[in-house]
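Asker: run_13.txt (compact mmCIF, C-alpha atoms) pasted underneath:
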# COMPACT_ATOMS: atom_id res chain seq x y z
CA MET A 1 56.10 70.80 96.59
CA ASN A 2 54.31 72.99 99.10
CA LEU A 3 50.57 72.37 98.84
CA ILE A 4 49.38 73.64 102.21
CA PRO A 5 47.27 76.81 101.90
CA SER A 6 49.56 79.75 102.53
CA ARG A 7 49.23 82.05 105.51
CA LEU A 8 48.80 84.98 103.14
CA GLN A 9 45.78 83.29 101.56
CA ARG A 10 44.16 82.91 104.96
CA ARG A 11 44.98 86.55 105.79
CA SER A 12 43.32 87.69 102.55
CA SER A 13 40.04 86.10 103.60
CA ALA A 14 40.30 87.63 107.10
CA SER A 15 41.10 91.02 105.57
CA ARG A 16 37.95 90.90 103.45
CA ARG A 17 35.81 90.11 106.48
CA ALA A 18 37.42 92.91 108.54
CA GLY A 19 36.88 95.32 105.66
CA LEU A 20 33.21 94.40 105.41
CA VAL A 21 32.79 95.07 109.14
CA ARG A 22 34.36 98.52 108.65
CA VAL A 23 32.06 99.30 105.71
CA ALA A 24 28.97 98.15 107.62
CA PHE A 25 29.95 100.25 110.65
CA SER A 26 30.56 103.37 108.54
CA LEU A 27 27.26 103.00 106.69
CA ALA A 28 25.40 102.61 109.99
CA ALA A 29 27.14 105.73 111.36
CA LEU A 30 26.18 107.62 108.23
CA ALA A 31 22.55 106.53 108.51
CA PHE A 32 22.20 107.64 112.14
CA ALA A 33 24.46 110.71 112.03
CA ASP A 34 21.57 113.19 112.12
CA SER A 35 20.07 111.70 115.27
CA VAL A 36 23.40 111.38 117.12
CA PHE A 37 24.91 114.71 116.02
CA PRO A 38 21.92 116.92 115.12
CA ASP A 39 23.74 120.21 115.63
CA ILE A 40 27.15 119.34 114.23
CA ARG A 41 27.16 119.62 110.45
CA GLY A 42 30.84 118.84 110.25
CA ALA A 43 30.23 115.40 111.72
CA LEU A 44 28.31 114.34 108.62
CA VAL A 45 31.26 115.31 106.43
CA TRP A 46 33.67 113.29 108.58
CA ILE A 47 31.40 110.25 108.58
CA ALA A 48 30.86 110.49 104.82
CA GLY A 49 34.64 110.71 104.32
CA TYR A 50 35.23 107.72 106.55
CA THR A 51 32.60 105.75 104.64
CA ALA A 52 34.29 106.60 101.34
CA LEU A 53 37.68 105.50 102.71
CA ALA A 54 36.17 102.27 104.09
CA ILE A 55 34.71 101.43 100.67
CA GLY A 56 38.01 102.38 99.03
CA PHE A 57 39.96 100.09 101.35
CA GLN A 58 37.53 97.28 100.64
CA TRP A 59 38.13 97.77 96.92
CA LEU A 60 41.89 97.55 97.51
CA ILE A 61 41.37 94.35 99.49
CA HIS A 62 39.17 92.88 96.75
CA ARG A 63 41.77 93.71 94.07
CA ASP A 64 44.63 92.61 96.35
CA ILE A 65 46.37 95.99 95.98
CA LEU A 66 48.89 97.21 98.57
CA ALA A 67 48.45 94.01 100.53
CA GLY A 68 50.35 93.45 103.73
CA GLU A 69 51.43 95.37 106.80
CA LYS A 70 51.30 98.85 105.25
CA ARG A 71 47.68 98.51 104.23
CA SER A 72 46.66 97.17 107.64
CA ILE A 73 48.41 100.03 109.45
CA ALA A 74 46.92 102.60 107.06
CA MET A 75 43.42 101.26 107.72
CA GLY A 76 44.13 101.29 111.46
CA LEU A 77 45.26 104.91 111.33
CA VAL A 78 42.06 105.90 109.51
CA ASP A 79 39.98 104.01 112.09
CA THR A 80 41.84 105.69 114.96
CA THR A 81 41.47 109.17 113.45
CA PHE A 82 37.74 108.75 112.90
CA LEU A 83 37.15 107.30 116.36
CA SER A 84 39.16 110.09 117.98
CA TYR A 85 36.97 112.65 116.22
CA VAL A 86 33.78 110.97 117.46
CA VAL A 87 35.20 110.70 120.99
CA TYR A 88 36.05 114.41 120.85
CA LEU A 89 32.46 115.25 119.86
CA LEU A 90 30.94 113.19 122.67
CA GLY A 91 33.52 114.01 125.35
CA PRO A 92 36.68 111.91 125.97
CA ALA A 93 35.98 111.24 129.64
CA SER A 94 32.18 111.31 129.50
CA SER A 95 31.28 108.11 127.60
CA VAL A 96 32.32 104.49 127.16
CA LEU A 97 33.18 105.09 123.49
CA PRO A 98 36.98 105.32 124.12
CA PHE A 99 36.98 101.59 124.82
CA VAL A 100 36.33 101.04 121.11
CA TYR A 101 40.05 101.81 120.76
CA LEU A 102 40.49 98.20 121.97
CA LEU A 103 39.04 96.85 118.73
CA ILE A 104 41.18 98.77 116.25
CA PRO A 105 44.53 96.96 116.82
CA VAL A 106 42.84 93.57 117.04
CA VAL A 107 40.65 93.91 113.93
CA ASN A 108 43.46 95.22 111.76
CA ALA A 109 45.97 92.67 113.07
CA ALA A 110 43.52 89.89 112.17
CA SER A 111 43.89 90.81 108.51
CA SER A 112 47.68 91.12 108.53
CA ALA A 113 50.45 88.58 108.05
CA THR A 114 52.58 90.49 110.58
CA ARG A 115 50.19 90.41 113.49
CA SER A 116 52.60 91.49 116.23
CA ARG A 117 53.93 94.62 114.54
CA VAL A 118 50.51 95.79 113.32
CA ALA A 119 48.71 95.14 116.62
CA MET A 120 51.25 96.76 118.94
CA ARG A 121 51.92 99.75 116.68
CA LEU A 122 48.21 100.50 116.37
CA ALA A 123 47.75 99.98 120.12
CA GLY A 124 50.47 102.58 120.69
CA VAL A 125 48.82 104.97 118.21
CA ALA A 126 45.43 104.52 119.91
CA ALA A 127 46.94 105.17 123.35
CA PHE A 128 48.75 108.27 122.08
CA ALA A 129 45.61 109.58 120.32
CA TYR A 130 43.45 109.28 123.42
CA THR A 131 45.96 110.74 125.85
CA GLY A 132 46.57 113.60 123.39
CA LEU A 133 42.84 114.26 123.19
CA LEU A 134 42.60 114.32 126.99
CA ALA A 135 45.50 116.76 127.18
CA LEU A 136 43.95 119.09 124.60
CA THR A 137 40.69 119.00 126.52
CA ALA A 138 42.36 119.67 129.88
CA LEU A 139 44.25 122.66 128.42
CA ASN A 140 41.05 124.04 126.86
CA VAL A 141 42.59 123.84 123.40
CA VAL A 142 39.42 122.08 122.21
CA PRO A 143 35.92 122.32 123.74
CA HIS A 144 34.64 119.42 125.80
CA ALA A 145 31.80 117.39 124.19
CA PRO A 146 30.69 119.89 121.49
CA ALA A 147 28.02 117.42 120.28
CA ARG A 148 26.43 117.24 123.74
CA PRO A 149 25.05 120.66 124.76
CA GLU A 150 24.33 119.47 128.29
CA LEU A 151 28.07 118.85 128.82
CA LEU A 152 29.48 121.76 126.81
CA GLY A 153 31.62 123.86 129.08
CA LEU A 154 31.48 121.36 131.94
CA MET A 155 35.13 120.31 132.06
CA PRO A 156 35.68 117.03 133.94
CA PRO A 157 38.04 117.38 136.89
CA ILE A 158 41.69 116.60 136.27
CA PRO A 159 41.63 113.42 138.41
CA GLN A 160 38.79 112.08 136.24
CA LEU A 161 40.76 112.82 133.05
CA VAL A 162 43.87 111.13 134.48
CA ALA A 163 41.88 108.12 135.63
CA SER A 164 40.13 107.84 132.26
CA GLY A 165 43.41 108.08 130.37
CA THR A 166 45.14 105.53 132.60
CA LEU A 167 42.26 103.06 132.36
CA VAL A 168 41.85 103.30 128.59
CA VAL A 169 45.57 103.22 127.79
CA LEU A 170 46.26 100.23 130.04
CA SER A 171 43.19 98.45 128.72
CA VAL A 172 44.25 98.98 125.10
CA LEU A 173 47.86 97.88 125.62
CA ILE A 174 47.19 94.93 127.95
CA THR A 175 44.14 93.63 126.08
CA THR A 176 45.89 93.91 122.72
CA ASN A 177 48.83 91.94 124.09
CA ILE A 178 46.59 89.21 125.52
CA VAL A 179 44.46 88.92 122.39
CA LEU A 180 47.58 88.98 120.22
CA ARG A 181 49.05 86.03 122.11
CA GLN A 182 45.82 84.09 121.60
CA MET A 183 45.76 84.97 117.91
CA LEU A 184 49.34 83.79 117.43
CA ALA A 185 48.59 80.55 119.30
CA LEU A 186 45.54 80.05 117.11
CA ASP A 187 47.70 80.70 114.03
CA ARG A 188 50.09 77.96 115.08
CA MET A 189 47.22 75.58 115.77
CA ASN A 190 45.54 76.30 112.43
CA ALA A 191 48.83 75.86 110.59
CA ARG A 192 49.34 72.52 112.29
CA LEU A 193 45.78 71.39 111.49
CA ALA A 194 46.20 72.46 107.87
CA GLU A 195 49.45 70.52 107.72
CA LEU A 196 47.89 67.40 109.23
CA SER A 197 44.97 67.54 106.80
CA HIS A 198 47.43 67.27 103.89
CA LEU A 199 50.02 64.89 105.33
CA ASP A 200 50.13 61.21 106.17
CA GLU A 201 50.46 60.91 109.92
CA LEU A 202 52.97 58.03 109.89
CA THR A 203 55.38 58.96 107.10
CA GLY A 204 54.98 62.74 106.88
CA LEU A 205 54.40 62.47 103.12
CA CYS A 206 51.38 63.98 101.39
CA ASN A 207 48.26 61.91 101.90
CA ARG A 208 45.92 60.50 99.28
CA ARG A 209 43.52 63.42 99.53
CA GLN A 210 46.20 65.97 98.73
CA LEU A 211 47.66 63.78 95.99
CA LEU A 212 44.33 63.56 94.15
CA ALA A 213 43.81 67.31 94.45
CA GLU A 214 47.25 67.99 92.95
CA LEU A 215 46.69 65.43 90.20
CA ARG A 216 43.52 67.27 89.19
CA ARG A 217 45.48 70.53 89.05
CA GLN A 218 48.16 68.88 86.91
CA LEU A 219 45.52 67.49 84.54
CA ASP A 220 44.12 71.00 84.09
CA ARG A 221 47.64 72.24 83.45
CA LEU A 222 48.19 69.39 80.97
CA ALA A 223 45.29 70.66 78.88
CA ARG A 224 47.11 74.00 78.60
CA GLY A 225 50.34 72.46 77.36
CA GLY A 226 52.06 71.10 80.47
CA SER A 227 53.31 67.57 81.06
CA PHE A 228 53.75 65.19 83.96
CA SER A 229 54.07 61.53 84.84
CA VAL A 230 52.88 59.36 87.70
CA MET A 231 54.55 56.43 89.43
CA MET A 232 52.60 53.85 91.41
CA ILE A 233 54.94 52.10 93.87
CA ASP A 234 53.80 48.79 95.37
CA LEU A 235 56.11 47.14 97.88
CA ASP A 236 56.98 43.46 97.34
CA GLY A 237 57.20 41.25 100.41
CA PHE A 238 56.08 43.88 102.88
CA LYS A 239 53.42 41.61 104.37
CA ARG A 240 56.16 39.28 105.65
CA VAL A 241 57.63 42.11 107.71
CA ASN A 242 54.30 42.69 109.45
CA ASP A 243 53.65 38.96 109.89
CA GLU A 244 57.08 37.99 111.20
CA LEU A 245 58.35 41.13 112.92
CA GLY A 246 55.12 42.94 113.81
CA HIS A 247 53.39 46.08 112.67
CA ASP A 248 55.78 48.36 114.57
CA ALA A 249 58.63 46.99 112.46
CA GLY A 250 56.52 47.53 109.35
CA ASP A 251 55.87 51.12 110.35
CA LEU A 252 59.61 51.75 110.82
CA LEU A 253 60.29 50.39 107.35
CA LEU A 254 57.56 52.53 105.81
CA ILE A 255 59.09 55.61 107.44
CA ASP A 256 62.53 54.67 106.09
CA ILE A 257 61.16 54.08 102.59
CA ALA A 258 59.24 57.37 102.67
CA SER A 259 62.49 59.15 103.52
CA ALA A 260 64.28 57.35 100.69
CA LEU A 261 61.57 58.31 98.17
CA HIS A 262 61.80 61.93 99.25
CA HIS A 263 65.59 61.84 98.90
CA GLU A 264 65.47 60.36 95.39
CA THR A 265 63.02 62.91 93.96
CA ARG A 266 63.19 66.60 93.13
CA ALA A 267 61.86 69.43 95.26
CA VAL A 268 59.08 70.05 92.70
CA ASP A 269 57.95 66.40 92.76
CA LEU A 270 55.17 65.23 95.04
CA VAL A 271 55.61 62.02 97.02
CA ALA A 272 52.48 60.63 98.64
CA ARG A 273 51.43 57.59 100.61
CA TYR A 274 48.53 56.17 98.64
CA GLY A 275 47.49 53.66 101.26
CA GLY A 276 48.99 50.70 103.14
CA ASP A 277 52.26 49.83 101.44
CA GLU A 278 51.56 51.80 98.26
CA PHE A 279 53.16 55.11 97.37
CA VAL A 280 52.71 57.48 94.44
CA VAL A 281 55.21 59.93 92.98
CA LEU A 282 54.02 62.77 90.76
CA LEU A 283 56.70 64.30 88.53
CA PRO A 284 55.75 67.59 86.82
CA ASP A 285 57.61 68.58 83.65
CA SER A 286 59.71 65.42 83.58
CA SER A 287 60.90 63.84 80.34
CA THR A 288 60.49 60.13 79.70
CA GLU A 289 64.21 59.62 80.23
CA GLY A 290 64.14 61.60 83.45
CA THR A 291 61.14 59.65 84.71
CA LEU A 292 62.86 56.33 83.99
CA ALA A 293 65.98 57.51 85.80
CA VAL A 294 63.94 58.42 88.88
CA ALA A 295 62.13 55.07 88.73
CA GLN A 296 65.46 53.24 88.65
CA ARG A 297 66.74 55.18 91.63
CA ILE A 298 63.56 54.45 93.56
CA VAL A 299 63.74 50.73 92.87
CA ASP A 300 67.36 50.64 93.99
CA ALA A 301 66.67 52.82 97.04
CA VAL A 302 63.79 50.66 98.30
CA ALA A 303 65.86 47.47 98.05
CA ARG A 304 68.81 49.14 99.76
CA THR A 305 66.67 50.66 102.52
CA SER A 306 64.98 47.34 103.22
CA SER A 307 68.28 45.46 103.47
CA GLU A 308 69.61 48.08 105.89
CA ARG A 309 66.56 47.89 108.16
CA TRP A 310 65.55 44.18 108.10
CA SER A 311 68.11 42.21 106.07
CA ARG A 312 66.52 38.77 106.45
CA ILE A 313 63.17 39.85 104.94
CA PRO A 314 63.79 41.46 101.55
CA VAL A 315 61.31 44.13 100.53
CA THR A 316 61.52 45.54 97.03
CA ALA A 317 59.41 47.81 94.84
CA SER A 318 57.25 47.21 91.79
CA VAL A 319 56.90 50.58 90.08
CA GLY A 320 54.30 51.35 87.44
CA ILE A 321 54.77 54.46 85.31
CA ALA A 322 52.04 56.35 83.45
CA LEU A 323 52.87 59.34 81.27
CA ALA A 324 49.85 61.64 81.43
CA GLU A 325 47.99 62.06 78.14
CA LYS A 326 45.76 64.92 77.10
CA GLY A 327 42.07 64.22 77.41
CA GLU A 328 42.26 61.45 79.99
CA ASP A 329 40.68 61.69 83.39
CA LEU A 330 42.11 61.03 86.83
CA GLY A 331 40.66 57.53 87.08
CA SER A 332 42.17 56.46 83.75
CA LEU A 333 45.59 57.83 84.68
CA MET A 334 45.71 56.04 88.03
CA ARG A 335 44.46 52.77 86.49
CA ARG A 336 47.25 52.87 83.94
CA ALA A 337 49.88 53.43 86.62
CA ASP A 338 48.38 50.67 88.77
CA THR A 339 48.29 48.27 85.80
CA GLN A 340 51.98 48.88 85.14
CA ALA A 341 52.83 48.33 88.82
CA TYR A 342 50.97 45.01 88.67
CA ALA A 343 52.90 44.09 85.51
CA ALA A 344 56.20 44.79 87.31
CA LYS A 345 55.08 42.69 90.29
CA ARG A 346 53.94 39.84 88.06
CA ALA A 347 57.35 39.87 86.36
CA GLY A 348 59.05 39.28 89.70
CA GLY A 349 59.09 42.67 91.38
CA ASP A 350 62.13 44.83 92.08
CA ARG A 351 61.63 46.59 88.75
CA PHE A 352 59.59 49.23 86.99
CA SER A 353 57.19 49.01 84.09
CA ILE A 354 56.17 51.63 81.56
CA ALA A 355 53.69 51.00 78.76
CA SER A 356 54.53 47.51 77.45
CA HIS A 357 58.08 47.44 78.82
CA VAL A 358 59.03 45.78 82.10
CA VAL A 359 62.55 46.79 83.14
CA PRO A 360 64.52 44.98 85.89
CA THR A 361 66.90 46.98 88.05
CA ARG A 362 70.30 47.71 86.60
CA SER A 363 72.14 46.69 89.73
CA GLY A 364 69.94 43.73 90.50
CA VAL A 365 71.05 43.91 94.12
CA VAL A 366 68.40 41.99 96.01
CA PRO A 367 68.97 40.43 99.44
CA GLN A 368 68.55 36.65 99.23
CA PRO A 369 65.99 35.23 101.66
CA HIS A 370 67.42 33.34 104.62
CA ALA A 371 65.88 30.63 106.68
CA SER A 372 63.27 31.73 109.16
CA GLY A 373 64.89 33.01 112.32
CA SER A 374 68.18 33.92 110.64
CA ARG A 375 69.11 37.61 110.85
CA SER A 376 72.29 37.43 108.76
CA ALA A 377 73.03 40.61 106.83
CA ASP A 378 75.35 38.81 104.37
CA ALA A 379 72.93 38.96 101.46
CA VAL A 380 74.32 37.63 98.14
CA PRO A 381 73.61 39.98 95.21
CA ARG A 382 71.86 38.52 92.19
CA HIS A 383 72.32 40.18 88.80
CA ARG A 384 69.71 40.11 86.01
CA ASN A 385 70.01 41.20 82.43
CA ILE A 386 67.76 43.99 81.26
CA VAL A 387 64.86 42.44 79.39
CA THR A 388 61.98 44.22 77.65
CA LYS A 389 58.74 42.77 76.45
Taking this structure as input, can you express it in the form of structure tokens?

Answerer:
Amino acid sequence: MNLIPSRLQRRSSASRRAGLVRVAFSLAALAFADSVFPDIRGALVWIAGYTALAIGFQWLIHRDILAGEKRSIAMGLVDTTFLSYVVYLLGPASSVLPFVYLLIPVVNAASSATRSRVAMRLAGVAAFAYTGLLALTALNVVPHAPARPELLGLMPPIPQLVASGTLVVLSVLITTNIVLRQMLALDRMNARLAELSHLDELTGLCNRRQLLAELRRQLDRLARGGSFSVMMIDLDGFKRVNDELGHDAGDLLLIDIASALHHETRAVDLVARYGGDEFVVLLPDSSTEGTLAVAQRIVDAVARTSSERWSRIPVTASVGIALAEKGEDLGSLMRRADTQAYAAKRAGGDRFSIASHVVPTRSGVVPQPHASGSRSADAVPRHRNIVTK
């Protein structure tokens, strides 16, 4: 069961923030358009159109429509087109505005799940747009700086245009690449931190925090007609391993048992370390018979795993089962599972308990204790009849 927040969820939040920045920028440009471009009526139309598109994109982001790479590239193309128009009005080689091209690939890549493709494609588009604008200006296809009367008709020399184009293009491509590498490294770090916040460091299972969060979700689902059960697993005799062999040996056994629990459960089940030598298994949509079958496999697997790791110190499992009931809270559910685990332990361990029934293992294979210091692996199996109370 994958409970770590998905990368797409994190991108959705970043996309909303990037969209809000775009809307704020467009509204500011609209508010100051008259003072910046007093003699260019067409500029107001372009800015108003860009503002409308920015608000439209933000609506798409809010409704999660057309999410993904295509939307990010489309927004980047709109940003590049608008910026190119403003640069054309102010003169491509006569202001620092072309360096805003640096922001377009980075901002739009921040809101995309495919950072590399979005960032580098938009960087290429920005570089092409600026060099094309410089070429059109140099060939007198378009006037130079029509929004700045003092520069109108004063064509920058060709070396200045070439230098400007080289500097901006290299800055866009190199800076985008550097920032992209940092973003990807930060992605990996954030993913690792998110994973660690939900996993037990020793065993790699879900930790108690994540277990309780998922239990609350399952209780909400139960109220809508779902079903699930919970197993509390308390290890019998584990303290002897720590006392006689040391905590490192105990940690190795916990890792082995965690692996066994994971192997004996379904992909949709959640296995968590509850604390110390206690584990919890959450089984969504499992019948009573299915739950009992899993409990039996777990009891057998713990005994088998213990005998394979440290044969002279038997460690078994007392498993308490609680079938979730409508209307109960998290505390009541966990208390019932814990009570049943205690009942199984009180009955001798190496068994599971559900409601008023305490069920020994079918196989009854339990390593017999040997004298202290003996490490013989020739454990003699002891068979018990199934007894219910």

Asker: Please check which residues have atoms at most 7 Å from (36.8, 111.7, 132.2) in the file's coordinates, counting all atoms listed in the file, and write them as a PDB file with C-alpha atoms, in the coordinates of the input.

Answerer:
ATOM      1  CA  PRO A  92      36.680 111.910 125.970  1.00  0.00           C
ATOM      2  CA  ALA A  93      35.980 111.240 129.640  1.00  0.00           C
ATOM      3  CA  SER A  94      32.180 111.310 129.500  1.00  0.00           C
ATOM      4  CA  PRO A 156      35.680 117.030 133.940  1.00  0.00           C
ATOM      5  CA  GLN A 160      38.790 112.080 136.240  1.00  0.00           C
ATOM      6  CA  LEU A 161      40.760 112.820 133.050  1.00  0.00           C
ATOM      7  CA  SER A 164      40.130 107.840 132.260  1.00  0.00           C
TER       8      SER A 164
END

Asker: Out of A:Val241, A:Ala324, A:Leu134, A:Leu333, which residue has the shortest atom-to-atom distance to A:Trp310 when counting all atoms listed in the file?

Answerer: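 Counting all atoms listed in the file, the residue closest to A:Trp310 is A:Val241.
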
Asker: Which residues come within 9 Å of A:Asp79, counting all atoms listed in the file, excluding same-chain residues fewer than 6 positions away, as a short mmCIF file (atom, residue, chain, number, x, y, z; two decimals) with C-alpha atoms, in the frame of the given file?

Answerer:
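Now in out-v5.cif:
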data_model
loop_
_atom_site.label_atom_id
_atom_site.label_comp_id
_atom_site.auth_asym_id
_atom_site.auth_seq_id
_atom_site.Cartn_x
_atom_site.Cartn_y
_atom_site.Cartn_z
CA ARG A 22 34.36 98.52 108.65
CA TYR A 50 35.23 107.72 106.55
CA TYR A 101 40.05 101.81 120.76
CA ILE A 104 41.18 98.77 116.25
#

Asker: Using all atoms listed in the file, which residues sit within 9 Å of A:Val230 once same-chain residues fewer than 2 positions away are excluded, as an MDAnalysis selection string?

Answerer: chainID A and resid 228 232 280:284 291 320:324 333:334 337

Asker: What is the atom CA of A:Phe99 to atom CA of A:Gly56 distance in Å?

Answerer: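 According to the coordinates, atom CA of A:Phe99 and atom CA of A:Gly56 are separated by 25.8 Å.
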
Asker: Do you have the atom CA of A:Gly204-atom CA of A:Phe238 distance handy?

Answerer: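 Between atom CA of A:Gly204 and atom CA of A:Phe238 the gap works out to 19.3 Å.
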
Asker: Identify which of the residues A:Pro146, A:Pro314, A:Gly331, A:Gly275 lies closest to A:Glu201, counting all atoms listed in the file when measuring atom-to-atom distances.

Answerer: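 Selected residue with least distance to A:Glu201: A:Gly275.
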
Asker: From the options A:Thr316, A:Ser26, A:Ser259, A:Thr137, which residue's atoms come nearest to A:Gly165, counting all atoms listed in the file?

Answerer: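 Going through A:Thr316, A:Ser26, A:Ser259, A:Thr137 one by one, the smallest distance to A:Gly165 is for A:Thr137.
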
Asker: Just give me the gap between atom CA of A:Asp300 and atom CA of A:Phe352 in Å, one decimal is fine.

Answerer: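 Answer for the atom CA of A:Asp300 to atom CA of A:Phe352 separation: 10.6 Å.
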
Asker: For stretch 285-288 of chain A, list every protein, DNA or RNA residue within 7 Å, evaluated using all atoms listed in the file, and leave out those in the same chain fewer than 6 positions away; present the list as a ChimeraX atom specification.

Answerer: /A:226-229

Asker: Nearest residue to A:Ala54 out of A:Arg181, A:Lys70, A:Arg16, A:Arg117, using all atoms listed in the file?

Answerer: A:Arg16

Asker: So, counting only C-alpha atoms, which residue among A:Met231, A:Ile313, A:Leu186, A:Leu20 is closest to A:Val107?

Answerer: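 Residue with the minimum atom-to-atom distance to A:Val107: A:Leu20.
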
Asker: Which is closer to A:Ser171 than all the others in A:Ala127, A:Leu154, A:Met189, A:Leu212, using only C-alpha atoms?

Answerer: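 Checking each candidate against A:Ser171, we get A:Ala127 as the closest.
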
Asker: Which neighbours of A:Asp236 fall inside 9 Å, counting all atoms listed in the file, when residues of the same chain fewer than 3 positions from it are skipped, and could you give them as an MDAnalysis selection string?

Answerer: chainID A and resid 239 277 314:318 345 348:350

Asker: Please return as a PyMOL selection string every residue within 12 Å of (69.0, 55.1, 94.7), taking into account all atoms listed in the file and the file's own coordinates.

Answerer: chain A and resi 257+259-265+293-305+361-363+365
